[in-house]
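Source file: coords_28.cif. Holds: mmCIF, C-alpha atoms.
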data_coords
loop_
_atom_site.label_atom_id
_atom_site.label_comp_id
_atom_site.auth_asym_id
_atom_site.auth_seq_id
_atom_site.Cartn_x
_atom_site.Cartn_y
_atom_site.Cartn_z
CA MET A 239 161.07 10.50 39.69
CA GLN A 240 158.10 9.27 41.69
CA VAL A 241 156.54 11.73 44.11
CA ILE A 242 155.52 10.72 47.62
CA ALA A 243 153.26 13.24 49.32
CA PHE A 244 152.71 13.18 53.06
CA ASP A 245 149.76 14.60 54.88
CA ALA A 246 151.02 16.57 57.88
CA ASP A 247 148.56 16.70 60.82
CA ASP A 248 148.24 13.31 62.54
CA THR A 249 150.44 11.73 59.86
CA LEU A 250 153.80 13.41 60.52
CA TRP A 251 152.95 14.94 63.88
CA VAL A 252 150.27 15.05 66.59
CA ASN A 253 147.41 17.46 65.87
CA GLU A 254 143.84 16.34 66.51
CA PRO A 255 144.44 15.67 70.24
CA TYR A 256 145.33 19.37 70.65
CA PHE A 257 142.08 20.38 69.01
CA GLN A 258 140.21 17.95 71.26
CA ALA A 259 141.95 19.23 74.38
CA THR A 260 141.02 22.79 73.41
CA GLU A 261 137.46 21.71 72.74
CA ARG A 262 137.27 20.23 76.23
CA LYS A 263 138.46 23.51 77.78
CA PHE A 264 135.94 25.32 75.63
CA CYS A 265 133.12 23.07 76.86
CA GLU A 266 134.16 23.70 80.46
CA LEU A 267 134.07 27.42 79.83
CA LEU A 268 130.47 27.10 78.70
CA GLU A 269 129.24 24.54 81.23
CA ASP A 270 127.07 27.12 82.97
CA PHE A 271 125.08 27.38 79.78
CA LEU A 272 124.95 23.91 78.26
CA PRO A 273 126.19 20.35 78.92
CA HIS A 274 129.49 19.37 77.27
CA HIS A 275 128.08 17.18 74.53
CA THR A 276 125.64 19.87 73.44
CA VAL A 277 128.40 22.47 73.21
CA GLU A 278 130.46 20.00 71.21
CA ARG A 279 127.59 19.47 68.81
CA GLU A 280 126.98 23.21 68.51
CA LEU A 281 130.66 23.87 67.82
CA LEU A 282 130.75 21.22 65.10
CA GLN A 283 127.63 22.78 63.60
CA THR A 284 129.32 26.19 63.50
CA GLU A 285 132.48 24.71 61.99
CA ILE A 286 130.49 23.01 59.24
CA GLN A 287 128.66 26.24 58.47
CA ASN A 288 131.90 28.25 58.35
CA ILE A 289 134.16 25.88 56.49
CA LYS A 290 133.32 27.23 53.05
CA LEU A 291 134.05 30.75 54.20
CA TYR A 292 136.96 30.21 56.60
CA GLY A 293 138.59 27.00 55.41
CA TYR A 294 140.62 24.79 57.76
CA GLY A 295 143.04 25.56 60.56
CA VAL A 296 143.37 27.14 63.97
CA LYS A 297 142.19 30.67 63.11
CA ALA A 298 138.95 29.28 61.69
CA PHE A 299 138.60 27.14 64.82
CA ILE A 300 139.01 30.15 67.15
CA LEU A 301 136.44 32.14 65.20
CA SER A 302 133.97 29.25 65.28
CA MET A 303 134.46 28.82 69.03
CA ILE A 304 133.75 32.51 69.63
CA GLU A 305 130.66 32.41 67.44
CA THR A 306 129.41 29.29 69.22
CA ALA A 307 130.04 30.80 72.66
CA ILE A 308 127.94 33.85 71.79
CA ARG A 309 125.14 31.74 70.33
CA VAL A 310 124.82 29.13 73.06
CA SER A 311 124.97 31.80 75.77
CA ALA A 312 122.31 33.81 73.93
CA GLY A 313 124.69 36.76 73.92
CA THR A 314 125.36 36.71 77.67
CA ILE A 315 128.91 35.35 77.55
CA PRO A 316 131.30 37.86 79.13
CA ALA A 317 134.24 39.31 77.17
CA SER A 318 136.62 37.63 79.62
CA ALA A 319 135.49 34.20 78.38
CA ILE A 320 136.04 35.21 74.77
CA GLU A 321 139.48 36.45 75.76
CA LYS A 322 140.16 32.95 77.09
CA VAL A 323 139.07 31.37 73.82
CA ILE A 324 141.54 33.59 71.95
CA ALA A 325 144.25 32.56 74.42
CA TYR A 326 143.45 28.85 73.84
CA GLY A 327 143.86 29.44 70.11
CA LYS A 328 147.18 31.23 70.48
CA GLU A 329 148.38 28.41 72.70
CA MET A 330 147.58 25.94 69.92
CA LEU A 331 149.57 28.04 67.45
CA ASN A 332 152.52 28.03 69.83
CA GLN A 333 152.34 24.30 70.59
CA PRO A 334 155.63 22.42 70.18
CA ILE A 335 155.72 19.72 67.51
CA GLU A 336 155.52 16.10 68.56
CA LEU A 337 156.58 13.77 65.75
CA LEU A 338 154.76 10.48 65.33
CA PRO A 339 156.76 7.25 65.75
CA GLY A 340 158.67 6.09 62.67
CA VAL A 341 158.33 9.36 60.75
CA GLU A 342 161.96 10.40 60.82
CA THR A 343 163.15 6.87 59.88
CA VAL A 344 160.83 6.86 56.87
CA LEU A 345 161.90 10.27 55.61
CA GLU A 346 165.59 9.55 56.09
CA SER A 347 165.33 6.34 54.17
CA LEU A 348 163.19 7.68 51.27
CA TYR A 349 165.09 10.95 50.91
CA GLY A 350 166.97 11.11 47.60
CA LYS A 351 165.08 8.12 46.17
CA TYR A 352 161.75 9.90 45.72
CA ARG A 353 160.66 13.51 45.47
CA LEU A 354 159.05 14.05 48.87
CA VAL A 355 156.43 16.74 49.44
CA VAL A 356 154.04 17.73 52.22
CA ALA A 357 150.41 18.10 51.11
CA THR A 358 148.24 19.53 53.85
CA LYS A 359 145.19 21.61 54.62
CA GLY A 360 145.10 24.24 57.35
CA ASP A 361 146.42 27.73 57.95
CA LEU A 362 149.17 28.67 55.52
CA LEU A 363 151.48 30.29 58.06
CA ASP A 364 150.74 27.77 60.81
CA GLN A 365 151.54 24.77 58.63
CA GLU A 366 154.76 26.34 57.37
CA ARG A 367 155.74 27.12 60.96
CA LYS A 368 154.97 23.59 62.12
CA LEU A 369 157.08 22.13 59.34
CA ARG A 370 159.97 24.43 60.32
CA LYS A 371 159.60 23.57 63.99
CA SER A 372 159.40 19.84 63.21
CA GLY A 373 162.98 19.77 61.88
CA LEU A 374 161.70 17.77 58.89
CA GLU A 375 161.90 20.59 56.34
CA LYS A 376 165.22 19.34 54.94
CA TYR A 377 163.65 16.13 53.65
CA PHE A 378 160.98 17.82 51.57
CA HIS A 379 161.15 19.34 48.14
CA HIS A 380 158.41 21.73 49.21
CA ILE A 381 155.13 22.05 51.11
CA GLU A 382 151.77 22.33 49.35
CA ILE A 383 149.10 23.92 51.48
CA MET A 384 145.75 23.13 49.97
CA SER A 385 142.47 24.87 50.73
CA GLU A 386 140.67 21.58 50.11
CA LYS A 387 141.71 17.99 49.42
CA ALA A 388 139.17 16.86 46.86
CA GLU A 389 139.82 15.20 43.50
CA ASP A 390 140.09 18.48 41.68
CA ASP A 391 142.66 19.81 44.13
CA TYR A 392 144.82 16.71 43.68
CA ARG A 393 144.44 16.97 39.91
CA LYS A 394 145.89 20.48 40.08
CA LEU A 395 148.65 19.36 42.44
CA ILE A 396 149.67 16.47 40.17
CA ARG A 397 149.67 18.74 37.12
CA HIS A 398 151.71 21.28 39.06
CA LEU A 399 154.23 18.56 39.98
CA ASP A 400 154.51 17.75 36.28
CA ILE A 401 153.90 14.01 36.72
CA GLU A 402 151.29 11.39 35.84
CA PRO A 403 148.82 10.28 38.55
CA ALA A 404 150.44 6.81 38.54
CA GLN A 405 153.69 8.43 39.71
CA PHE A 406 151.96 9.96 42.72
CA THR A 407 151.60 8.31 46.14
CA MET A 408 149.77 10.02 48.97
CA ILE A 409 150.25 8.93 52.59
CA GLY A 410 147.91 10.09 55.30
CA ASN A 411 145.57 9.37 58.17
CA SER A 412 142.36 10.43 56.42
CA LEU A 413 140.71 8.01 54.01
CA LYS A 414 138.42 10.80 52.90
CA SER A 415 141.05 13.47 52.23
CA ASP A 416 144.29 11.61 51.67
CA VAL A 417 143.34 8.33 50.02
CA LEU A 418 140.02 8.24 48.17
CA PRO A 419 140.45 11.25 45.86
CA VAL A 420 143.96 10.10 44.91
CA LEU A 421 142.83 6.54 44.10
CA ASN A 422 140.04 7.98 41.96
CA LEU A 423 142.60 9.85 39.88
CA GLY A 424 144.77 6.79 39.30
CA GLY A 425 147.35 7.53 41.98
CA HIS A 426 148.41 5.44 44.96
CA GLY A 427 147.08 5.87 48.49
CA ILE A 428 148.51 4.61 51.75
CA HIS A 429 146.40 4.91 54.87
CA VAL A 430 148.11 5.23 58.25
CA PRO A 431 145.19 5.38 60.69
CA TYR A 432 145.52 7.62 63.70
CA HIS A 433 143.77 6.71 66.93
CA THR A 434 141.40 9.64 66.66
CA THR A 435 139.78 11.36 63.68
CA TRP A 436 137.99 14.69 63.35
CA ALA A 437 134.24 14.22 62.79
CA LEU A 438 134.41 15.86 59.36
CA GLU A 439 137.10 13.44 58.13
CA LYS A 440 135.21 10.28 59.02
CA ILE A 441 133.83 7.96 56.35
CA ASP A 442 132.27 4.60 57.02
CA PHE A 443 132.94 2.25 54.19
CA LYS A 444 135.78 -0.10 53.31
CA ILE A 445 138.18 0.59 50.47
CA GLU A 446 139.35 -2.18 48.18
CA HIS A 447 141.60 -1.04 45.39
CA GLU A 448 144.79 -2.35 43.82
CA ASN A 449 146.56 0.97 44.49
CA PHE A 450 145.51 1.06 48.14
CA ARG A 451 147.50 -0.04 51.17
CA GLN A 452 146.99 0.34 54.88
CA VAL A 453 149.72 0.14 57.52
CA GLU A 454 149.62 0.26 61.30
CA GLN A 455 152.57 2.61 61.70
CA ILE A 456 154.19 4.76 59.03
CA ASP A 457 157.55 2.94 58.97
CA ALA A 458 155.81 -0.21 57.73
CA ILE A 459 155.69 1.42 54.27
CA LEU A 460 159.43 0.83 53.92
CA ALA A 461 158.70 -2.87 53.41
CA PHE A 462 157.18 -2.17 49.99
CA LEU A 463 158.51 1.25 48.88
CA MET B 212 159.77 31.79 29.15
CA GLN B 213 159.82 34.90 31.32
CA VAL B 214 157.53 34.90 34.33
CA ILE B 215 155.43 37.90 35.26
CA ALA B 216 153.99 37.74 38.76
CA PHE B 217 151.13 39.98 39.83
CA ASP B 218 150.32 40.95 43.36
CA ALA B 219 146.56 40.57 43.89
CA ASP B 220 145.10 42.95 46.49
CA ASP B 221 145.08 46.56 45.26
CA THR B 222 146.99 45.51 42.13
CA LEU B 223 144.42 43.34 40.34
CA TRP B 224 141.41 44.28 42.44
CA VAL B 225 140.22 46.63 45.20
CA ASN B 226 141.08 45.49 48.73
CA GLU B 227 142.45 48.02 51.21
CA PRO B 228 139.35 50.29 50.98
CA TYR B 229 137.25 47.35 52.27
CA PHE B 230 139.58 46.94 55.25
CA GLN B 231 139.39 50.67 55.90
CA ALA B 232 135.61 50.69 55.67
CA THR B 233 135.44 47.83 58.17
CA GLU B 234 137.88 49.62 60.44
CA ARG B 235 135.60 52.67 60.40
CA LYS B 236 132.60 50.55 61.42
CA PHE B 237 134.74 48.96 64.12
CA CYS B 238 135.72 52.40 65.47
CA GLU B 239 132.08 53.44 65.54
CA LEU B 240 131.24 50.30 67.49
CA LEU B 241 133.78 51.31 70.13
CA GLU B 242 133.14 55.04 70.21
CA ASP B 243 131.59 54.83 73.67
CA PHE B 244 134.99 53.69 74.92
CA LEU B 245 137.60 55.58 72.94
CA PRO B 246 137.86 58.17 70.14
CA HIS B 247 138.25 56.79 66.58
CA HIS B 248 141.93 57.55 66.11
CA THR B 249 142.84 55.83 69.40
CA VAL B 250 140.92 52.70 68.46
CA GLU B 251 142.66 52.76 65.08
CA ARG B 252 146.04 52.94 66.76
CA GLU B 253 145.15 50.17 69.21
CA LEU B 254 143.95 47.93 66.38
CA LEU B 255 147.16 48.47 64.43
CA GLN B 256 149.10 47.66 67.58
CA THR B 257 147.22 44.38 67.97
CA GLU B 258 147.71 43.52 64.30
CA ILE B 259 151.46 44.10 64.58
CA GLN B 260 151.64 41.91 67.68
CA ASN B 261 149.66 39.12 66.04
CA ILE B 262 151.17 39.08 62.58
CA LYS B 263 153.87 36.54 63.40
CA LEU B 264 151.29 34.19 64.85
CA TYR B 265 148.30 34.79 62.57
CA GLY B 266 149.82 36.00 59.30
CA TYR B 267 147.85 38.16 56.86
CA GLY B 268 144.25 38.16 55.74
CA VAL B 269 140.70 38.63 56.88
CA LYS B 270 140.57 35.93 59.59
CA ALA B 271 143.60 37.45 61.31
CA PHE B 272 141.95 40.86 60.99
CA ILE B 273 138.71 39.67 62.64
CA LEU B 274 140.64 38.07 65.50
CA SER B 275 142.68 41.24 66.03
CA MET B 276 139.52 43.38 66.05
CA ILE B 277 137.93 41.15 68.70
CA GLU B 278 141.07 41.22 70.84
CA THR B 279 141.27 45.02 70.52
CA ALA B 280 137.60 45.45 71.40
CA ILE B 281 138.03 43.45 74.60
CA ARG B 282 141.18 45.34 75.55
CA VAL B 283 140.02 48.90 74.91
CA SER B 284 136.71 48.24 76.67
CA ALA B 285 138.58 46.73 79.62
CA GLY B 286 136.49 43.58 79.20
CA THR B 287 133.13 45.37 79.26
CA ILE B 288 132.27 45.00 75.57
CA PRO B 289 129.02 43.04 75.19
CA ALA B 290 128.93 39.80 73.19
CA SER B 291 126.53 41.48 70.75
CA ALA B 292 129.32 43.85 69.66
CA ILE B 293 131.71 40.96 69.11
CA GLU B 294 129.01 39.26 67.10
CA LYS B 295 128.93 42.37 64.90
CA VAL B 296 132.69 42.24 64.40
CA ILE B 297 132.40 38.64 63.20
CA ALA B 298 129.62 39.70 60.83
CA TYR B 299 131.83 42.51 59.42
CA GLY B 300 134.52 39.95 58.75
CA LYS B 301 132.17 37.54 57.01
CA GLU B 302 130.90 40.42 54.91
CA MET B 303 134.47 41.12 53.78
CA LEU B 304 134.92 37.46 52.82
CA ASN B 305 131.72 37.64 50.77
CA GLN B 306 132.57 40.94 49.08
CA PRO B 307 132.25 40.93 45.30
CA ILE B 308 135.47 41.52 43.33
CA GLU B 309 136.03 44.90 41.76
CA LEU B 310 138.80 44.78 39.15
CA LEU B 311 141.12 47.74 38.86
CA PRO B 312 141.16 49.66 35.55
CA GLY B 313 143.36 48.21 32.82
CA VAL B 314 143.87 44.83 34.50
CA GLU B 315 141.92 42.72 32.04
CA THR B 316 143.53 44.47 29.02
CA VAL B 317 146.99 43.76 30.42
CA LEU B 318 146.33 40.08 31.11
CA GLU B 319 144.67 39.53 27.74
CA SER B 320 147.57 41.04 25.93
CA LEU B 321 150.36 39.28 27.91
CA TYR B 322 148.64 35.88 27.99
CA GLY B 323 150.57 33.32 25.95
CA LYS B 324 153.66 35.54 25.70
CA TYR B 325 154.73 35.18 29.33
CA ARG B 326 154.04 32.72 32.10
CA LEU B 327 151.67 34.72 34.32
CA VAL B 328 151.27 33.95 38.01
CA VAL B 329 149.58 35.57 41.00
CA ALA B 330 151.85 36.05 44.02
CA THR B 331 149.96 37.24 47.04
CA LYS B 332 149.78 37.22 50.83
CA GLY B 333 146.54 36.69 52.76
CA ASP B 334 144.20 33.85 53.62
CA LEU B 335 144.73 30.82 51.40
CA LEU B 336 141.07 30.05 50.80
CA ASP B 337 140.05 33.71 50.55
CA GLN B 338 142.65 34.56 47.91
CA GLU B 339 141.78 31.48 45.85
CA ARG B 340 138.11 32.42 46.07
CA LYS B 341 138.78 36.01 45.05
CA LEU B 342 140.77 34.84 42.03
CA ARG B 343 137.91 32.54 41.02
CA LYS B 344 135.33 35.29 41.52
CA SER B 345 137.46 37.76 39.56
CA GLY B 346 137.12 35.77 36.33
CA LEU B 347 140.87 36.20 35.83
CA GLU B 348 141.85 32.62 36.71
CA LYS B 349 142.10 31.60 33.05
CA TYR B 350 145.03 33.93 32.42
CA PHE B 351 147.22 32.53 35.19
CA HIS B 352 149.44 29.49 35.25
CA HIS B 353 148.78 29.29 38.97
CA ILE B 354 148.44 31.27 42.19
CA GLU B 355 151.18 31.39 44.83
CA ILE B 356 149.90 32.32 48.25
CA MET B 357 152.84 33.39 50.36
CA SER B 358 152.89 33.70 54.14
CA GLU B 359 155.40 36.54 53.78
CA LYS B 360 156.91 38.52 50.89
CA ALA B 361 160.49 38.96 51.96
CA GLU B 362 163.64 38.21 49.96
CA ASP B 363 163.80 34.63 51.15
CA ASP B 364 160.23 33.95 50.15
CA TYR B 365 160.87 35.27 46.63
CA ARG B 366 164.06 33.22 46.43
CA LYS B 367 161.99 30.10 47.12
CA LEU B 368 159.33 31.16 44.64
CA ILE B 369 161.87 31.77 41.87
CA ARG B 370 163.55 28.43 42.54
CA HIS B 371 160.15 26.76 42.53
CA LEU B 372 159.37 28.37 39.15
CA ASP B 373 162.63 26.93 37.85
CA ILE B 374 163.90 30.23 36.44
CA GLU B 375 166.69 32.73 37.07
CA PRO B 376 165.88 35.92 39.00
CA ALA B 377 166.53 37.97 35.83
CA GLN B 378 163.59 36.15 34.19
CA PHE B 379 161.24 37.23 36.96
CA THR B 380 159.17 40.42 36.98
CA MET B 381 156.93 41.31 39.90
CA ILE B 382 154.14 43.88 39.55
CA GLY B 383 152.41 45.31 42.58
CA ASN B 384 151.28 48.27 44.63
CA SER B 385 153.65 47.73 47.55
CA LEU B 386 157.24 48.90 47.22
CA LYS B 387 158.06 47.04 50.41
CA SER B 388 156.53 43.67 49.53
CA ASP B 389 156.36 43.57 45.75
CA VAL B 390 159.34 45.56 44.52
CA LEU B 391 162.29 45.89 46.91
CA PRO B 392 162.91 42.21 47.75
CA VAL B 393 162.67 41.27 44.05
CA LEU B 394 165.14 43.97 42.97
CA ASN B 395 167.54 42.80 45.67
CA LEU B 396 167.50 39.30 44.19
CA GLY B 397 168.24 40.53 40.66
CA GLY B 398 164.67 40.41 39.38
CA HIS B 399 162.54 43.19 37.90
CA GLY B 400 160.00 45.23 39.83
CA ILE B 401 157.16 47.37 38.55
CA HIS B 402 155.32 49.57 41.00
CA VAL B 403 151.71 50.49 40.33
CA PRO B 404 150.82 52.75 43.26
CA TYR B 405 147.34 52.52 44.71
CA HIS B 406 145.70 55.60 46.21
CA THR B 407 145.83 54.12 49.71
CA THR B 408 148.32 51.83 51.43
CA TRP B 409 148.09 49.79 54.64
CA ALA B 410 150.27 51.24 57.40
CA LEU B 411 152.43 48.11 57.54
CA GLU B 412 153.24 48.31 53.82
CA LYS B 413 154.46 51.91 53.86
CA ILE B 414 158.11 52.78 53.30
CA ASP B 415 159.47 56.26 52.93
CA PHE B 416 162.43 56.29 50.65
CA LYS B 417 162.90 56.56 46.90
CA ILE B 418 164.00 53.61 44.77
CA GLU B 419 166.47 54.09 41.95
CA HIS B 420 167.42 50.89 40.19
CA GLU B 421 167.90 49.87 36.58
CA ASN B 422 165.35 47.03 36.96
CA PHE B 423 162.75 49.30 38.53
CA ARG B 424 159.80 50.99 36.83
CA GLN B 425 156.80 52.85 38.09
CA VAL B 426 153.56 53.38 36.19
CA GLU B 427 150.41 55.32 36.97
CA GLN B 428 147.99 52.64 35.86
CA ILE B 429 148.72 48.98 35.19
CA ASP B 430 148.08 49.07 31.44
CA ALA B 431 151.00 51.46 30.98
CA ILE B 432 153.31 48.43 31.35
CA LEU B 433 152.28 47.29 27.87
CA ALA B 434 154.39 50.10 26.43
CA PHE B 435 157.59 48.32 27.49
CA LEU B 436 156.69 44.65 28.00
#

structure tokens encoding of this file:
Amino acid sequence: MQVIAFDADDTLWVNEPYFQATERKFCELLEDFLPHHTVERELLQTEIQNIKLYGYGVKAFILSMIETAIRVSAGTIPASAIEKVIAYGKEMLNQPIELLPGVETVLESLYGKYRLVVATKGDLLDQERKLRKSGLEKYFHHIEIMSEKAEDDYRKLIRHLDIEPAQFTMIGNSLKSDVLPVLNLGGHGIHVPYHTTWALEKIDFKIEHENFRQVEQIDAILAFL
Amino acid sequence: MQVIAFDADDTLWVNEPYFQATERKFCELLEDFLPHHTVERELLQTEIQNIKLYGYGVKAFILSMIETAIRVSAGTIPASAIEKVIAYGKEMLNQPIELLPGVETVLESLYGKYRLVVATKGDLLDQERKLRKSGLEKYFHHIEIMSEKAEDDYRKLIRHLDIEPAQFTMIGNSLKSDVLPVLNLGGHGIHVPYHTTWALEKIDFKIEHENFRQVEQIDAILAFL
């Protein structure tokens, strides 16, 4: 049976806008020290430095915000501001799930015909919780939470699923993480762009590949699957 | 083929002593505000409150230390102290791996005869990194990082492994997380006590069960496996 793997954040449900909204609040918190765009740049810098150590997800994001706040304030940030950053993070973890249009239709119609899995980065517990809260758990064989989404990680995933790369289709909003590495292994990649993309997921070249498709909204995949 | 699952922290390698050492440094950092044992109690309180939201692992621990520091200092803790807490956490994530005695002998001798897996809680990326750093990766079919180790989580794991509970043996230092839930499902549990146990893993009753064994050091399991 063919496996269809779905990215989760910004493919099944809204995610990046919550990070951006939190980032805006974070910039406001620090506006006595630096202008918004500089704080944004500093935060991204911290995230890049920490990603190898912390990985992806909300906890890593909170820790990077705290570290950035201390650095850009030259150690003068009061504890009350750091308390707020922690509260922003907890709010993100408690956010309700907002499904993207077409998602439920797609899963309902593919269920039983393919083995469906979720393949996502992020915090282990947080991603499991989001899947549970989404009400979509019943459609999926299981959820794979990956520390990274590079070729080698997909190779392990495909081996673990006991299939050939050609039997594997990955659907997601990130060309870099969801599509390119899978195409390189001989699998299929479907790109469903989301209106906003995290800086670290951006790539700027065009993909042309026989196993590659791009759709405007996720339910358009039903035309060819 | 029978599956033998190994807990990681304090079963394959040293872990809890690093948490305790960090906790001691954290208490020293706050000794102007509260005596050590009160800070310890406050930190545990914060960890308990956060566990449902953050899960297990070092990132959750850093966040709980920061939150505790702000609370017990009534918001007067300087940013420099919080910076130190973050540094303690990063140090933990960069800690070298110290294997426990007998571990390598056991894995060498069981390899090929059983399907060996790691079944552990904690940070996804951190546990994967520790396994890689340990040099033990080659013995294991794969690593399962679980957000919780209750009966339901083991039920999923056993289903995912495509075996019956009776074909599953779990080896670990925590009666609560590694042994009891597995016995309840009809699997086998081997307890290898470690000299120190995290407060949240402690239980205080005796287990008597035909599928239960306890050994002093991990290599004693070779006598009956």

Using only C-alpha atoms, which chain B residues lie at most 9 Å away from chain A, written as a VMD selection string? chain B and resid 263 to 267 270 to 271 273 to 274 277 to 278 281 285 to 291 293 to 294 297 301 304 to 305 333 to 337 339 353 356 to 359 371

Work out how far apart CA of Lys387 in chain B and CA of Tyr325 in chain B are and give it in Å to one decimal.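 Computing the Euclidean distance for CA of Lys387 in chain B and CA of Tyr325 in chain B yields 24.4 Å.
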
Spatial neighbours of range 239-244 of chain A, 7 Å, all atoms listed in the file, chain gap at least 2 places, as a CSV table (one decimal) with C-alpha atoms, keeping the file's coordinate frame:
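Result file follows (result00.csv):
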chain,number,residue,atom,x,y,z
A,246,ALA,CA,151.0,16.6,57.9
A,352,TYR,CA,161.8,9.9,45.7
A,353,ARG,CA,160.7,13.5,45.5
A,354,LEU,CA,159.0,14.0,48.9
A,355,VAL,CA,156.4,16.7,49.4
A,356,VAL,CA,154.0,17.7,52.2
A,357,ALA,CA,150.4,18.1,51.1
A,405,GLN,CA,153.7,8.4,39.7
A,406,PHE,CA,152.0,10.0,42.7
A,407,THR,CA,151.6,8.3,46.1
A,408,MET,CA,149.8,10.0,49.0
A,409,ILE,CA,150.2,8.9,52.6
A,410,GLY,CA,147.9,10.1,55.3

Given the file shown, enumerate the residues that the PyMOL selection byres ((chain A and resi 424) around 6) captures and present them as a list in words. Pro403, Ala404, Leu421, Asn422, Leu423 and Gly425 of chain A

Would you be able to write out as a VMD selection string which residues have an atom within 7 Å of (136.3, 52.8, 66.6) in the file's coordinates, counting all atoms listed in the file? chain B and resid 235 to 242 246 to 247 250 to 251

Closest to Phe462 in chain A among A:Lys376, A:Glu336, A:Val344, A:Arg397, using all atoms listed in the file? A:Val344

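One distance worth recording is that between CA of Glu375 in chain B and CA of Ser388 in chain B, which is 19.4 Å.
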
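Computed from the coordinates, the CA of Lys295 in chain B to CA of Val323 in chain A distance equals 17.4 Å.
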
Output check: residues returned by the PyMOL selection byres ((chain B and resi 425) around 10), as an MDAnalysis selection string: chainID B and resid 382:384 386 400:404 418 423:424 426:429 431:432

Evaluate the PyMOL selection byres ((chain A and resi 255) around 12) on the structure here and hand back the selected residues as a JSON list (two decimals) with C-alpha atoms, in the coordinates of the input.
[["chain", "number", "residue", "atom", "x", "y", "z"],
["A", 247, "ASP", "CA", 148.56, 16.70, 60.82],
["A", 248, "ASP", "CA", 148.24, 13.31, 62.54],
["A", 251, "TRP", "CA", 152.95, 14.94, 63.88],
["A", 252, "VAL", "CA", 150.27, 15.05, 66.59],
["A", 253, "ASN", "CA", 147.41, 17.46, 65.87],
["A", 254, "GLU", "CA", 143.84, 16.34, 66.51],
["A", 256, "TYR", "CA", 145.33, 19.37, 70.65],
["A", 257, "PHE", "CA", 142.08, 20.38, 69.01],
["A", 258, "GLN", "CA", 140.21, 17.95, 71.26],
["A", 259, "ALA", "CA", 141.95, 19.23, 74.38],
["A", 260, "THR", "CA", 141.02, 22.79, 73.41],
["A", 261, "GLU", "CA", 137.46, 21.71, 72.74],
["A", 262, "ARG", "CA", 137.27, 20.23, 76.23],
["A", 330, "MET", "CA", 147.58, 25.94, 69.92],
["A", 333, "GLN", "CA", 152.34, 24.30, 70.59],
["A", 336, "GLU", "CA", 155.52, 16.10, 68.56],
["A", 432, "TYR", "CA", 145.52, 7.62, 63.70],
["A", 433, "HIS", "CA", 143.77, 6.71, 66.93],
["A", 434, "THR", "CA", 141.40, 9.64, 66.66],
["A", 435, "THR", "CA", 139.78, 11.36, 63.68],
["A", 436, "TRP", "CA", 137.99, 14.69, 63.35]]

Of the candidates B:Val393, B:Leu245, B:Ile308, B:Leu254, which one gets nearest to Ser345 in chain B if we count all atoms listed in the file?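 Among the listed residues, B:Ile308 lies closest to Ser345 in chain B.
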
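Look at Ser320 in chain B: the protein and nucleic acid residues within 12 Å of it, using all atoms listed in the file and passing over chain neighbours fewer than 2 places away, are Gly313, Val314, Glu315, Thr316, Val317, Leu318, Tyr322, Gly323, Lys324, Tyr325, Leu327, Tyr350, Asp430, Ile432, Leu433, Ala434 and Leu436 of chain B.
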
Prev. selection, C-alpha atoms, output as a JSON list (two decimals), in the frame of the given file:
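Output contents, as saved in selection.json:
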[["chain", "number", "residue", "atom", "x", "y", "z"],
["B", 313, "GLY", "CA", 143.36, 48.21, 32.82],
["B", 314, "VAL", "CA", 143.87, 44.83, 34.50],
["B", 315, "GLU", "CA", 141.92, 42.72, 32.04],
["B", 316, "THR", "CA", 143.53, 44.47, 29.02],
["B", 317, "VAL", "CA", 146.99, 43.76, 30.42],
["B", 318, "LEU", "CA", 146.33, 40.08, 31.11],
["B", 322, "TYR", "CA", 148.64, 35.88, 27.99],
["B", 323, "GLY", "CA", 150.57, 33.32, 25.95],
["B", 324, "LYS", "CA", 153.66, 35.54, 25.70],
["B", 325, "TYR", "CA", 154.73, 35.18, 29.33],
["B", 327, "LEU", "CA", 151.67, 34.72, 34.32],
["B", 350, "TYR", "CA", 145.03, 33.93, 32.42],
["B", 430, "ASP", "CA", 148.08, 49.07, 31.44],
["B", 432, "ILE", "CA", 153.31, 48.43, 31.35],
["B", 433, "LEU", "CA", 152.28, 47.29, 27.87],
["B", 434, "ALA", "CA", 154.39, 50.10, 26.43],
["B", 436, "LEU", "CA", 156.69, 44.65, 28.00]]

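Each of B:Asp389, B:Glu348, B:Lys360, B:Asp218 was checked against Glu319 in chain B using only C-alpha atoms; the smallest atom-to-atom distance is that of B:Glu348.
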